[in-house]
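Asker: Got a file for you: my_file-v2.cif, mmCIF, C-alpha atoms.
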```cif
data_my_file
#
loop_
_atom_site.label_atom_id
_atom_site.label_comp_id
_atom_site.auth_asym_id
_atom_site.auth_seq_id
_atom_site.Cartn_x
_atom_site.Cartn_y
_atom_site.Cartn_z
CA MET A 164 0.00 0.00 0.00
CA LEU A 165 1.51 3.32 -1.09
CA SER A 166 1.16 6.22 1.29
CA PHE A 167 2.78 9.63 1.34
CA GLN A 168 2.81 12.89 3.25
CA ILE A 169 2.29 16.06 1.20
CA MET A 170 4.84 18.78 1.99
CA THR A 171 4.98 22.48 1.24
CA ILE A 172 7.25 23.46 -1.66
CA ARG A 173 10.86 22.66 -0.94
CA HIS A 174 13.81 23.40 -3.19
CA TYR A 175 17.14 21.56 -3.36
CA LEU A 176 19.72 24.25 -4.07
CA GLN A 177 22.45 23.27 -1.60
CA PHE A 178 23.17 20.09 0.34
CA ASN A 179 22.25 21.77 3.62
CA ASP A 180 18.73 22.52 2.39
CA LEU A 181 17.74 19.13 3.84
CA SER A 182 18.19 17.75 7.35
CA CYS A 183 19.93 14.62 8.56
CA GLU A 184 16.49 13.04 9.01
CA ASP A 185 15.52 13.95 5.45
CA TYR A 186 18.68 12.26 4.16
CA ALA A 187 18.04 9.13 6.20
CA HIS A 188 14.68 8.88 4.45
CA LEU A 189 16.18 9.63 1.03
CA PHE A 190 18.95 7.05 1.31
CA GLY A 191 16.38 4.45 2.28
CA ARG A 192 14.23 5.40 -0.72
CA MET A 193 17.23 5.20 -3.04
CA GLN A 194 17.86 1.63 -1.96
CA ARG A 195 14.19 0.74 -2.34
CA ILE A 196 13.93 2.34 -5.78
CA LYS A 197 17.22 0.82 -6.93
CA ASP A 198 16.07 -2.62 -5.79
CA LYS A 199 12.89 -2.30 -7.86
CA PHE A 200 14.93 -1.16 -10.86
CA LYS A 201 17.31 -4.12 -10.60
CA ARG A 202 14.37 -6.55 -10.41
CA TYR A 203 12.60 -4.93 -13.38
CA VAL A 204 9.67 -3.98 -11.16
CA ALA A 205 7.82 -0.99 -12.59
CA TYR A 206 7.53 1.93 -10.17
CA GLN A 207 5.74 5.00 -11.54
CA PRO A 208 4.59 7.37 -8.78
CA LEU A 209 5.07 10.45 -11.02
CA VAL A 210 2.59 9.60 -13.76
CA ASP A 211 1.30 12.79 -15.45
CA ARG A 212 4.04 14.84 -13.78
CA THR A 213 6.44 16.91 -15.88
CA LEU A 214 10.06 17.82 -15.23
CA ALA A 215 11.58 20.84 -16.99
CA MET A 216 15.37 20.61 -17.35
CA VAL A 217 17.20 23.88 -17.97
CA PHE A 218 20.79 23.57 -19.18
CA GLU A 219 23.06 26.58 -19.34
CA LYS A 220 26.09 24.26 -19.00
CA ALA A 221 26.87 21.04 -20.84
CA SER A 222 25.92 17.76 -19.17
CA THR A 223 26.09 14.00 -19.56
CA ARG A 224 25.38 12.22 -16.26
CA THR A 225 23.02 14.91 -14.94
CA ARG A 226 20.90 14.95 -18.07
CA VAL A 227 20.74 11.17 -18.54
CA SER A 228 20.01 10.44 -14.87
CA PHE A 229 17.22 13.01 -14.56
CA GLU A 230 15.66 12.31 -17.95
CA ALA A 231 15.79 8.52 -17.67
CA GLY A 232 14.72 8.70 -14.04
CA MET A 233 11.65 10.82 -14.74
CA TYR A 234 10.55 8.59 -17.61
CA GLN A 235 11.07 5.46 -15.51
CA MET A 236 8.88 6.98 -12.79
CA GLY A 237 6.06 7.55 -15.28
CA GLY A 238 6.55 11.25 -15.92
CA SER A 239 7.63 13.32 -18.90
CA VAL A 240 10.55 15.67 -19.53
CA ILE A 241 11.05 18.99 -21.31
CA ASN A 242 14.65 19.88 -22.11
CA LEU A 243 15.50 23.60 -22.43
CA THR A 244 18.77 25.32 -23.30
CA THR A 245 19.71 28.96 -23.70
CA GLY A 246 19.77 28.40 -27.46
CA ASP A 247 16.16 27.31 -27.85
CA SER A 248 14.36 29.37 -25.21
CA GLN A 249 14.06 32.93 -23.94
CA LEU A 250 16.72 32.16 -21.33
CA GLY A 251 19.39 33.28 -23.79
CA ARG A 252 17.46 36.35 -24.97
CA ALA A 253 17.63 38.58 -21.90
CA GLU A 254 14.24 37.67 -20.42
CA PRO A 255 14.48 38.25 -16.66
CA ILE A 256 14.99 35.03 -14.69
CA GLU A 257 12.04 36.00 -12.52
CA ASP A 258 9.69 36.05 -15.54
CA THR A 259 11.02 32.76 -16.90
CA ALA A 260 10.49 31.12 -13.50
CA ARG A 261 6.94 32.42 -13.16
CA VAL A 262 5.98 31.04 -16.56
CA ILE A 263 7.74 27.66 -16.51
CA SER A 264 6.61 26.83 -12.98
CA ARG A 265 2.95 27.30 -13.98
CA MET A 266 3.32 24.57 -16.62
CA VAL A 267 5.40 21.84 -14.97
CA ASP A 268 5.69 20.06 -11.62
CA LEU A 269 9.45 20.21 -11.09
CA VAL A 270 12.43 22.14 -12.47
CA MET A 271 16.08 21.08 -12.60
CA ILE A 272 18.62 23.77 -13.52
CA ARG A 273 22.30 23.46 -14.42
CA THR A 274 23.75 26.95 -14.55
CA PHE A 275 26.56 29.30 -13.57
CA GLU A 276 26.28 31.51 -10.46
CA GLN A 277 24.27 30.20 -7.52
CA THR A 278 22.38 33.49 -7.46
CA ARG A 279 20.73 32.56 -10.78
CA ILE A 280 19.13 29.42 -9.42
CA GLU A 281 18.22 31.13 -6.15
CA THR A 282 16.43 33.87 -8.09
CA PHE A 283 14.59 31.27 -10.16
CA ALA A 284 13.53 29.32 -7.05
CA ALA A 285 12.30 32.47 -5.31
CA ASN A 286 9.86 33.00 -8.17
CA SER A 287 8.87 29.37 -8.78
CA ARG A 288 5.61 27.71 -7.79
CA VAL A 289 7.20 24.23 -7.94
CA PRO A 290 10.35 22.63 -6.46
CA VAL A 291 13.66 23.60 -8.06
CA ILE A 292 16.72 21.30 -8.07
CA ASN A 293 20.32 22.40 -8.46
CA GLY A 294 21.83 20.23 -11.21
CA LEU A 295 25.14 22.09 -10.76
CA THR A 296 26.25 25.67 -10.22
CA ASN A 297 29.67 27.26 -9.92
CA GLU A 298 29.37 26.96 -6.14
CA TYR A 299 27.62 23.64 -5.45
CA HIS A 300 26.75 20.22 -6.88
CA PRO A 301 24.41 18.64 -4.29
CA CYS A 302 22.98 15.91 -6.55
CA GLN A 303 26.48 14.52 -7.11
CA ILE A 304 27.27 14.24 -3.40
CA LEU A 305 23.83 12.76 -2.76
CA ALA A 306 24.77 9.86 -5.05
CA ASP A 307 28.33 9.67 -3.71
CA ILE A 308 27.21 9.26 -0.12
CA PHE A 309 24.61 6.69 -1.10
CA THR A 310 27.41 4.76 -2.83
CA TYR A 311 29.51 4.92 0.33
CA ILE A 312 26.59 3.67 2.42
CA GLU A 313 26.05 0.76 0.02
CA GLN A 314 29.71 -0.22 0.23
CA ARG A 315 30.65 0.57 3.83
CA GLY A 316 27.56 1.51 5.86
CA SER A 317 26.89 4.82 7.61
CA ILE A 318 29.20 7.69 6.73
CA GLU A 319 28.81 9.25 10.18
CA GLY A 320 32.22 9.58 11.81
CA ALA A 321 34.09 8.66 8.61
CA THR A 322 36.99 10.58 7.09
CA VAL A 323 36.82 11.74 3.47
CA ALA A 324 40.01 12.99 1.79
CA TRP A 325 39.45 15.61 -0.92
CA ILE A 326 42.49 16.08 -3.14
CA GLY A 327 42.64 18.91 -5.68
CA ASP A 328 40.63 22.06 -6.35
CA SER A 329 38.25 23.48 -3.75
CA ASN A 330 35.49 23.65 -6.35
CA ASN A 331 31.72 23.17 -6.27
CA VAL A 332 32.01 19.44 -5.54
CA CYS A 333 34.44 20.09 -2.68
CA ASN A 334 32.15 22.77 -1.25
CA THR A 335 29.27 20.31 -1.26
CA TRP A 336 31.30 17.61 0.48
CA LEU A 337 32.02 20.17 3.20
CA GLN A 338 28.33 20.97 3.63
CA ALA A 339 27.54 17.25 3.73
CA ALA A 340 30.10 16.74 6.49
CA GLU A 341 28.36 19.35 8.63
CA THR A 342 24.91 17.90 7.95
CA LEU A 343 25.77 14.20 8.38
CA ASN A 344 28.57 14.48 10.95
CA PHE A 345 31.74 13.27 9.28
CA THR A 346 35.12 14.88 8.53
CA VAL A 347 36.68 16.06 5.28
CA HIS A 348 40.45 16.37 4.90
CA VAL A 349 41.09 18.92 2.16
CA SER A 350 44.41 19.28 0.35
CA THR A 351 44.72 21.89 -2.37
CA PRO A 352 47.66 23.68 -3.99
CA PRO A 353 48.49 27.11 -2.55
CA GLY A 354 46.01 29.67 -3.84
CA TYR A 355 43.19 27.17 -4.27
CA GLU A 356 42.18 26.74 -0.64
CA VAL A 357 38.65 26.42 0.73
CA GLU A 358 36.69 29.66 1.04
CA PRO A 359 34.38 28.93 4.02
CA GLU A 360 31.90 31.71 3.21
CA ARG A 361 31.62 30.67 -0.46
CA ALA A 362 31.20 27.05 0.62
CA GLY A 363 28.33 28.08 2.90
CA LEU A 364 29.90 26.58 6.03
CA VAL A 365 28.64 27.20 9.54
CA ASP A 366 31.93 26.38 11.29
CA ALA A 367 35.27 24.67 10.73
CA GLN A 368 34.65 21.66 12.97
CA HIS A 369 34.09 19.13 10.19
CA TYR A 370 37.07 19.76 7.95
CA ARG A 371 40.85 20.11 8.15
CA GLU A 372 43.19 21.57 5.56
CA PHE A 373 46.49 19.93 4.64
CA ALA A 374 49.34 21.34 2.57
CA ASN A 375 50.51 17.78 1.86
CA PRO A 376 48.02 15.52 0.01
CA MET A 377 49.68 12.44 1.52
CA ALA A 378 48.86 13.71 5.00
CA ALA A 379 45.26 14.39 3.97
CA CYS A 380 44.85 10.80 2.77
CA ARG A 381 46.37 9.20 5.87
CA GLY A 382 43.72 7.04 7.55
CA ALA A 383 40.91 8.15 5.20
CA ASP A 384 37.87 5.95 4.55
CA LEU A 385 37.30 7.55 1.16
CA VAL A 386 39.59 9.40 -1.24
CA THR A 387 37.95 11.58 -3.88
CA THR A 388 38.89 14.20 -6.44
CA ASP A 389 37.73 16.06 -9.54
CA VAL A 390 39.27 17.52 -12.68
CA TRP A 391 41.86 20.22 -12.16
CA THR A 392 40.07 22.62 -14.51
CA SER A 393 36.32 22.91 -13.98
CA MET A 394 33.87 24.32 -16.53
CA GLY A 395 34.33 28.06 -16.80
CA PHE A 396 38.02 27.99 -15.89
CA GLU A 397 39.39 26.74 -19.20
CA ALA A 398 41.57 29.83 -19.63
CA GLU A 399 43.51 28.74 -16.52
CA ASN A 400 44.16 25.21 -17.76
CA GLU A 401 47.86 25.64 -18.52
CA SER A 402 48.67 27.23 -15.15
CA ARG A 403 46.53 24.70 -13.30
CA GLN A 404 48.41 21.80 -14.91
CA LYS A 405 51.55 23.11 -13.25
CA ASP A 406 49.98 24.11 -9.93
CA PHE A 407 48.22 20.76 -9.41
CA ALA A 408 51.00 18.43 -10.57
CA ALA A 409 51.65 17.13 -7.03
CA TRP A 410 47.95 16.60 -6.34
CA ARG A 411 47.36 13.58 -8.57
CA VAL A 412 45.67 10.68 -6.75
CA SER A 413 48.23 7.91 -7.20
CA ASP A 414 48.64 4.40 -5.83
CA ARG A 415 51.03 5.93 -3.31
CA LEU A 416 48.37 8.34 -2.05
CA MET A 417 45.76 5.59 -1.87
CA ALA A 418 48.19 3.46 0.13
CA ALA A 419 48.21 6.17 2.82
CA ALA A 420 44.46 5.74 3.30
CA LYS A 421 42.91 2.79 5.08
CA PRO A 422 43.29 -0.57 3.28
CA THR A 423 39.48 -0.60 2.92
CA ALA A 424 39.34 2.96 1.54
CA LEU A 425 37.23 3.64 -1.53
CA PHE A 426 38.09 5.94 -4.43
CA MET A 427 35.48 8.18 -6.05
CA HIS A 428 35.48 10.66 -8.91
CA CYS A 429 32.40 12.53 -10.17
CA LEU A 430 33.57 12.18 -13.82
CA PRO A 431 34.56 12.95 -16.49
CA ALA A 432 38.09 11.93 -15.48
CA HIS A 433 41.46 12.67 -17.06
CA ARG A 434 43.70 9.68 -16.40
CA GLY A 435 47.26 10.79 -15.84
CA GLU A 436 46.18 14.21 -14.57
CA GLU A 437 44.08 14.30 -11.37
CA VAL A 438 44.13 10.49 -11.03
CA ASP A 439 46.27 7.61 -12.22
CA ALA A 440 44.62 4.96 -14.38
CA SER A 441 45.71 2.31 -11.88
CA VAL A 442 43.58 4.02 -9.23
CA ILE A 443 40.39 4.86 -11.13
CA ASP A 444 40.41 1.45 -12.83
CA GLY A 445 41.68 -0.37 -9.74
CA PRO A 446 39.95 -2.50 -7.10
CA GLN A 447 39.28 0.35 -4.67
CA SER A 448 37.47 2.45 -7.27
CA VAL A 449 33.66 2.62 -7.16
CA VAL A 450 33.27 5.32 -9.80
CA TRP A 451 30.93 3.28 -12.01
CA ASP A 452 28.61 2.42 -9.12
CA GLU A 453 28.82 6.09 -8.15
CA ALA A 454 27.83 7.17 -11.66
CA GLU A 455 24.93 4.68 -11.85
CA ASN A 456 23.68 5.83 -8.47
CA ARG A 457 23.05 9.29 -9.90
CA LEU A 458 19.96 7.68 -11.49
CA HIS A 459 18.60 6.25 -8.24
CA ALA A 460 19.48 9.38 -6.26
CA GLN A 461 17.66 11.67 -8.71
CA LYS A 462 14.59 9.43 -8.69
CA ALA A 463 14.37 9.42 -4.90
CA LEU A 464 14.94 13.18 -4.77
CA MET A 465 12.23 13.94 -7.32
CA GLU A 466 9.81 11.62 -5.53
CA PHE A 467 10.54 13.37 -2.23
CA LEU A 468 10.19 16.93 -3.55
CA VAL A 469 6.97 16.25 -5.45
CA LEU A 470 5.18 13.75 -3.18
CA GLY A 471 6.81 14.10 0.23
CA ARG A 472 7.86 11.13 2.33
CA ILE A 473 6.59 7.97 0.68
CA HIS A 474 6.46 4.61 2.42
CA ASP A 475 5.77 1.46 0.39
#
```
Starting from the coordinates I provided, produce the structure as structure tokens.

Answerer:
Amino acid sequence: MLSFQIMTIRHYLQFNDLSCEDYAHLFGRMQRIKDKFKRYVAYQPLVDRTLAMVFEKASTRTRVSFEAGMYQMGGSVINLTTGDSQLGRAEPIEDTARVISRMVDLVMIRTFEQTRIETFAANSRVPVINGLTNEYHPCQILADIFTYIEQRGSIEGATVAWIGDSNNVCNTWLQAAETLNFTVHVSTPPGYEVEPERAGLVDAQHYREFANPMAACRGADLVTTDVWTSMGFEAENESRQKDFAAWRVSDRLMAAAKPTALFMHCLPAHRGEEVDASVIDGPQSVVWDEAENRLHAQKALMEFLVLGRIHD
């Protein structure tokens, strides 16, 4: 018997928009939904619901996971880009939000500055999901933590080593640590350190910064990284190649972590740059499970934002 609790409109713009209790529910739903998917059991709670996807940045995993997920749950999808809508023709974001949100049930946006998605959400009549901004990538970390839970159990009290740029993915790991009570060891090259205010942190109790990436990995339960040059920073690629040369996740770095440590990467990856092929393709890597879990994470998130807490 399917039952659910209707909620007021909630947006998912940063990881800390939801509580620890919300995440406990979501991770449980991800496992339930994934189990149905693996057993070819149809589950379509979003029949006659429509998701609008707005892309101002290129996407592979985000688009496929949201689009496939919405169709699998019985709904439909509208894909919008700046090239085929008024978004690229100077229409105010407020006006676009007011119109789109009167026609659909859910909006996912992948854009540049966080202020753009916040402005959209403030004028939307339906839930808005952050598919990635310059500052945060909450849907990625939602799937990453679910992957950790599948492999190792609760992440509470664990140590995550972040090696590389303090970008939007790093910022979101830091917010997750505060929300779910674990620790992040961050090691970045000089000049690329964490900016606590930009990351939206409340305090510094759940992360430590290390000048030496080896020290950051020591005793870690999970080692994770991202490309050295994120979207929008292509002009810095040459200088970043030099600055980040000592921050490649190698077998030597992984050996400093616990023997049971996992390796994650949000993809796409550049073997030989931020990670060695022997690591990303090695036995400690769970990047393909992590990528697949984007599908199950998005489905659980959309279910939660549209229908509330479902129990079946």

Asker: For a quick check of understanding, using all atoms listed in the file, which of A:Glu356, A:Val347, A:Cys302, A:Ala324 has the smallest distance to A:Leu189?

Answerer: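 Comparing A:Glu356, A:Val347, A:Cys302, A:Ala324 against A:Leu189, the winner is A:Cys302.
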
Asker: List the neighbours of A:Lys197 out to 9 Å using all atoms listed in the file; skip same-chain residues closer than 2 positions along the sequence, and give me the result as a PyMOL selection string.

Answerer: chain A and resi 192-195+199-202+456+458-460

Asker: Please compute the atom CA of A:Met236-atom CA of A:Pro208 distance, one decimal, in Å.

Answerer: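 Between atom CA of A:Met236 and atom CA of A:Pro208 the gap is 5.9 Å.
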
Asker: With distances taken over only C-alpha atoms, which of A:Ala378, A:Ala187, A:Ala215, A:Leu416 is nearest to A:Ile312?

Answerer: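 Ranked by minimum distance to A:Ile312, first place goes to A:Ala187.
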
Asker: What is the atom CA of A:Asn297-atom CA of A:Val357 distance in Å, reported with one decimal?

Answerer: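 Separation between atom CA of A:Asn297 and atom CA of A:Val357: 14.0 Å.
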
Asker: List the neighbours of A:Leu468 out to 8 Å using all atoms listed in the file; skip same-chain residues closer than 5 positions along the sequence, and give me the result as number ranges by chain.

Answerer: A: 170, 172-174, 290

Asker: Leaving out A:Thr346 and any residue of its chain fewer than 5 positions from it, which residues lie within 7 Å of it when counting all atoms listed in the file, given as a list in words?

Answerer: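 Final neighbour list, sorted by chain and number: Gly320, Ala321, Thr322, Val323, Ala340, His369 and Tyr370 of chain A.
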
Asker: Enumerate, as a ChimeraX atom specification, the residues matched when the PyMOL selection byres ((chain A and resi 221) around 12) is run on the file above.

Answerer: /A:217-220,222-227,243-245,272-275,294-296,393-395,431

Asker: Rank nothing, just name the residue among A:Glu319, A:Glu257, A:Asp414, A:Asp185 nearest to A:Leu343, using only C-alpha atoms.

Answerer: A:Glu319

Asker: As an exercise, work out the distance from atom CA of A:Phe309 to atom CA of A:Tyr175 in Å and give it to one decimal place.

Answerer: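 About the pair atom CA of A:Phe309 and atom CA of A:Tyr175: they are 16.8 Å apart.
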
Asker: Hey, what's within 12 Å of A:Cys183 if we count all atoms listed in the file and toss same-chain stuff fewer than 5 positions away? As a list in words, please?

Answerer: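 The residues satisfying every condition are Phe178, His188, Leu189, Phe190, Ile318, Glu319, Gln338, Ala339, Ala340, Glu341, Thr342, Leu343, Asn344 and Phe345 of chain A.
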
Asker: I'd like the residues picked by the PyMOL selection byres ((chain A and resi 422) around 10) written out as a ChimeraX atom specification, using the chain letters and numbers from the file.

Answerer: /A:382-384,417-421,423-425,447

Asker: Residues as selected, C-alpha atoms, written as a PDB file, keeping the file's coordinate frame, can you do that?

Answerer:
```pdb
ATOM      1  CA  GLY A 382      43.720   7.040   7.550  1.00  0.00           C
ATOM      2  CA  ALA A 383      40.910   8.150   5.200  1.00  0.00           C
ATOM      3  CA  ASP A 384      37.870   5.950   4.550  1.00  0.00           C
ATOM      4  CA  MET A 417      45.760   5.590  -1.870  1.00  0.00           C
ATOM      5  CA  ALA A 418      48.190   3.460   0.130  1.00  0.00           C
ATOM      6  CA  ALA A 419      48.210   6.170   2.820  1.00  0.00           C
ATOM      7  CA  ALA A 420      44.460   5.740   3.300  1.00  0.00           C
ATOM      8  CA  LYS A 421      42.910   2.790   5.080  1.00  0.00           C
ATOM      9  CA  THR A 423      39.480  -0.600   2.920  1.00  0.00           C
ATOM     10  CA  ALA A 424      39.340   2.960   1.540  1.00  0.00           C
ATOM     11  CA  LEU A 425      37.230   3.640  -1.530  1.00  0.00           C
ATOM     12  CA  GLN A 447      39.280   0.350  -4.670  1.00  0.00           C
TER      13      GLN A 447
END
```

Asker: Residues within 12 Å of A:Trp410, please, as a PyMOL selection string. Count all atoms listed in the file; anything in the same chain fewer than 6 positions from it doesn't count.

Answerer: chain A and resi 324-328+349-353+355+373-380+387-391+403-404+416+435-439

Asker: For A:Arg381, which of A:Leu430, A:His348, A:Ala205, A:Leu305 is the closest residue, counting only C-alpha atoms?

Answerer: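 With only C-alpha atoms as the atom set, the closest residue is A:His348.
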
Asker: Name the closest residue to A:Ser329 among the candidates A:Ser402, A:Arg288, A:Asp268, A:Phe407; distances are taken between atoms, counting only C-alpha atoms.

Answerer: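 Nearest candidate to A:Ser329 out of A:Ser402, A:Arg288, A:Asp268, A:Phe407: A:Phe407.
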
Asker: For the PyMOL selection byres ((chain A and resi 234) around 12), applied here, can you spell out every residue it catches as a list in words?

Answerer: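 That selection, the PyMOL selection byres ((chain A and resi 234) around 12), comes back as Ala205, Tyr206, Gln207, Pro208, Leu209, Val210, Asp211, Arg212, Thr213, Leu214, Val227, Ser228, Phe229, Glu230, Ala231, Gly232, Met233, Gln235, Met236, Gly237, Gly238, Ser239, Val240, Ile241, Leu458, Gln461, Lys462 and Met465 of chain A.
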
Asker: Point out the residue among A:Ser441, A:Asn179, A:Thr310, A:Gln303 with the least atom-to-atom distance to A:Arg411, counting all atoms listed in the file.

Answerer: A:Ser441
